[in-house]
Every structure is written in structure tokens, then in C-alpha cells.
Amino acid sequence: MKTISVLGGTFNPIHFGHLRMAQELADTLNFDEVRFIPSANPPHKNTPTISAEHRAAMVRLGIANNPIFTFDDCELRRTGASYTIDTLHDLRAELGTQASITLFMGSDAFTEFDTWHRWQEIIQLCHIALVQRPRTAGNKLPKILETFLQHHYTENSGDLRTSPAGFITIRQVTALDISSTAIREAVHCQQSIRYLMPDSVIDYIHTHQLYKHTSTP
């Protein structure tokens with residue numbers, strides 16, 4: 001069974017926190033491929049001031065030369081809000097019903113999972129691998145998500161590789177406390193962002209003067 005994992009987000013910009021998390025999860029769960037899918041119009045965030053084209057270009061640069069990392073522009077090609085449920089339907093149309101698809105998700109995002117568009121259908125189309133982000137250990141789940149997690153939880157990574165969808169697992173990764181927000185603010189304040197992301201992404205930011213003039217939330 002082909003095993004595909006998905007890491008979505010605004011990637012505004014992509015950094016080593018994203019990349020290291022994806023690599024460690026792919027290694028520990030033994031996945032064939034990690035697809036990076038930039039969100040064009042994120043429904044749970046303000047529309048990024050940096051265009052989807054710039055953010056996508058930085059993702060392409062950031063994942064270059066890693067044979068298991070691939071770029072997917074399916075959300076950039078759609079109009080309207082970039083809903084995860086639509087992306088998963090696109091992937092199923094491409095990969096078929098038998099491929100294993102796992103959605104990588106930060107534990108902070110999962111605390112609001114029940115507010116996502118058609119959230120209860122998502123687990124029918126994929127597995128979910130939750131990763132604890134720095135400084136979110138105390139976040140409490142709503143009761144509805146506690147029950148949802150218990151119903152689908154597994155500690156056996158093999159479950160994710162031998163079935164197409166339906167399981168949730170929680171994994172620990174190296175805690176790199178790097179945020180896109182802090183990077184944007186550093187650029188705005190003319191501070192160094194060296195060692196926070198690949199040099200190719202830093203060069204792109206400087207070449208196109210991204211984040212320089214506007215401090216973004």
C-alpha cells in the first residue's frame with residue numbers, strides 16, 4: 001500500500017520547524033512521501049499579505065533535494081476557501097481509495113479541529129498524525145474532541161500503513177521553537193533570520209524584499 005502524508009499550511013514562510021517535523025514523522029512512521037500543500041485562502045487565518053505564489057515558491061525551494069518531499073499546488077488551483085476536506089477529496093481522486101493518506105497536524109490546531117469545515121468527514125479520508133508543538137502542552141481538548149480522539153486513537157504505526165484512513169496517532173518530534181510569525185517580525189525589524197530556514201529561502205525573501213515593509217500578525 002502506498003503511504004502518502006500531507007503537510008498543509010500557509011508556510012508564510014516555510015522554516016526548519018516545518019521541515020524537521022515532516023522528516024521525523026516520515027521516518028518514524030515509514031511513509032513513502034510527504035506532500036507540502038500551501039494554502040491559498042486559509043479559512044482559519046487572516047489572508048496572508050504575502051501572495052500564494054511567493055509562499056509556494058519558498059516551499060519549492062525549502063523542500064528541494066529531499067527525495068521524499070514533494071510539492072502539491074492543488075489548493076492554489078482552487079477558488080474559494082482552502083478547505084482540507086476538498087484537498088483530501090482531490091487526493092483520493094488522484095490516488096484512489098486504497099492508498100494510505102496521513103494528515104500531519106500540530107496539537108495546537110487539533111484543539112480547534114471541531115471548527116473545521118465538515119471535520120467529522122476528514123477521518124474517513126485520511127489518518128491524522130498529531131505532533132506536540134512547543135509551548136502548547138497545556139492546551140485542553142474540548143470534550144467532543146477527547147471522545148473523537150479516543151475512538152480513533154492508535155499507538156501502532158503499522159495501522160496507518162495497512163489501512164487507507166481512520167486512525168489518529170500522537171508522535172513526539174524534536175522541539176524546534178521556530179515560528180513564521182517571529183521570522184516575519186525579525187525581517188521587519190532588520191534582524192538576522194540565519195539558521196531558521198534554508199539559505200535558499202532566506203535569499204528569496206531578501207531578493208523579493210518580503211516582510212520588510214509590513215509587520216504581519
# chains A, B, ... in the order shown; residues from 1 in each chain; ligands from 1
>>> select_by_dssp(residues="range 86-208 of chain A", states="strand (DSSP E)", output="PyMOL selection string")
chain A and resi 100-106+127-131+168-171
>>> residues_around(residues="range 72-76 of chain A", least_positions_apart="5", cutoff="9 Å", atoms="only C-alpha atoms", output="number ranges by chain")
A: 35-41, 52-53, 56, 81-84, 86-87, 90-91
>>> write_last_selection(atoms="C-alpha atoms", output="mmCIF file, in the first residue's frame")
data_model
loop_
_atom_site.group_PDB
_atom_site.id
_atom_site.type_symbol
_atom_site.label_atom_id
_atom_site.label_comp_id
_atom_site.auth_asym_id
_atom_site.auth_seq_id
_atom_site.Cartn_x
_atom_site.Cartn_y
_atom_site.Cartn_z
ATOM 1 C CA ARG A 35 3.342 16.372 0.216
ATOM 2 C CA PHE A 36 3.662 20.029 1.114
ATOM 3 C CA ILE A 37 0.425 21.810 0.211
ATOM 4 C CA PRO A 38 0.403 25.603 0.607
ATOM 5 C CA SER A 39 -2.975 27.091 1.448
ATOM 6 C CA ALA A 40 -4.150 29.796 -0.927
ATOM 7 C CA ASN A 41 -7.044 31.108 1.194
ATOM 8 C CA ALA A 52 0.305 32.451 -2.542
ATOM 9 C CA GLU A 53 2.781 32.480 -5.429
ATOM 10 C CA ALA A 56 4.639 28.433 -2.893
ATOM 11 C CA ALA A 81 -11.533 28.917 0.859
ATOM 12 C CA SER A 82 -8.816 26.255 1.069
ATOM 13 C CA TYR A 83 -10.718 23.563 2.960
ATOM 14 C CA THR A 84 -8.851 20.396 3.975
ATOM 15 C CA ASP A 86 -11.681 19.406 -0.513
ATOM 16 C CA THR A 87 -7.948 18.747 -0.672
ATOM 17 C CA ASP A 90 -8.676 15.778 -4.653
ATOM 18 C CA LEU A 91 -6.017 13.405 -3.335
#
>>> closest_residue(among="A:Ile128, A:Ile205, A:Ala93, A:Met21", to="Asp177 in chain A", atoms="only C-alpha atoms")
A:Met21
>>> closest_residue(among="A:Ile178, A:Ala99, A:Val131, A:Val34", to="Asn66 in chain A", atoms="only C-alpha atoms")
A:Val34
>>> residues_around(residues="range 107-115 of chain A", least_positions_apart="2", cutoff="7 Å", atoms="only C-alpha atoms", output="CSV table (one decimal) with C-alpha atoms, in the first residue's frame")
chain,number,residue,atom,x,y,z
A,105,MET,CA,-1.3,18.3,12.3
A,117,HIS,CA,-15.3,22.6,7.6
A,119,TRP,CA,-14.4,18.0,10.2
A,130,LEU,CA,-0.6,14.7,15.8
A,131,VAL,CA,2.7,16.4,16.9
A,132,GLN,CA,3.1,18.3,20.1
A,133,ARG,CA,4.3,21.8,19.3
A,136,THR,CA,1.2,24.0,23.8
A,141,LEU,CA,-9.2,19.5,24.2
A,145,LEU,CA,-12.6,16.1,20.5
>>> closest_residue(among="A:Ser180, A:Gln190, A:Gln120, A:Thr169", to="Thr28 in chain A", atoms="only C-alpha atoms")
A:Thr169
>>> closest_residue(among="A:Leu29, A:Glu121, A:Phe69, A:Phe16", to="Glu155 in chain A", atoms="only C-alpha atoms")
A:Leu29
>>> residues_around(residues="His18 in chain A", least_positions_apart="2", cutoff="10 Å", atoms="only C-alpha atoms", output="list in words")
Leu7, Gly8, Gly9, Phe11, Pro13, Ile14, His15, Phe16, Arg20, Met21, Ala22, Gln23, Phe36, Gly62, Leu176, Ile178, Ser179, Ser180 and Met197 of chain A
>>> closest_residue(among="A:Leu125, A:Ile168, A:Ile101, A:Leu25", to="Glu146 in chain A", atoms="only C-alpha atoms")
A:Ile168
>>> residues_around(residues="Thr162 in chain A", least_positions_apart="2", cutoff="10 Å", atoms="only C-alpha atoms", output="JSON, numbers by chain")
{"A": [1, 2, 3, 98, 99, 100, 157, 158, 159, 160, 164, 165]}
>>> select_by_dssp(residues="range 58-96 of chain A", states="helix (DSSP H, G or I)", output="VMD selection string")
chain A and resid 58 to 63 84 to 95
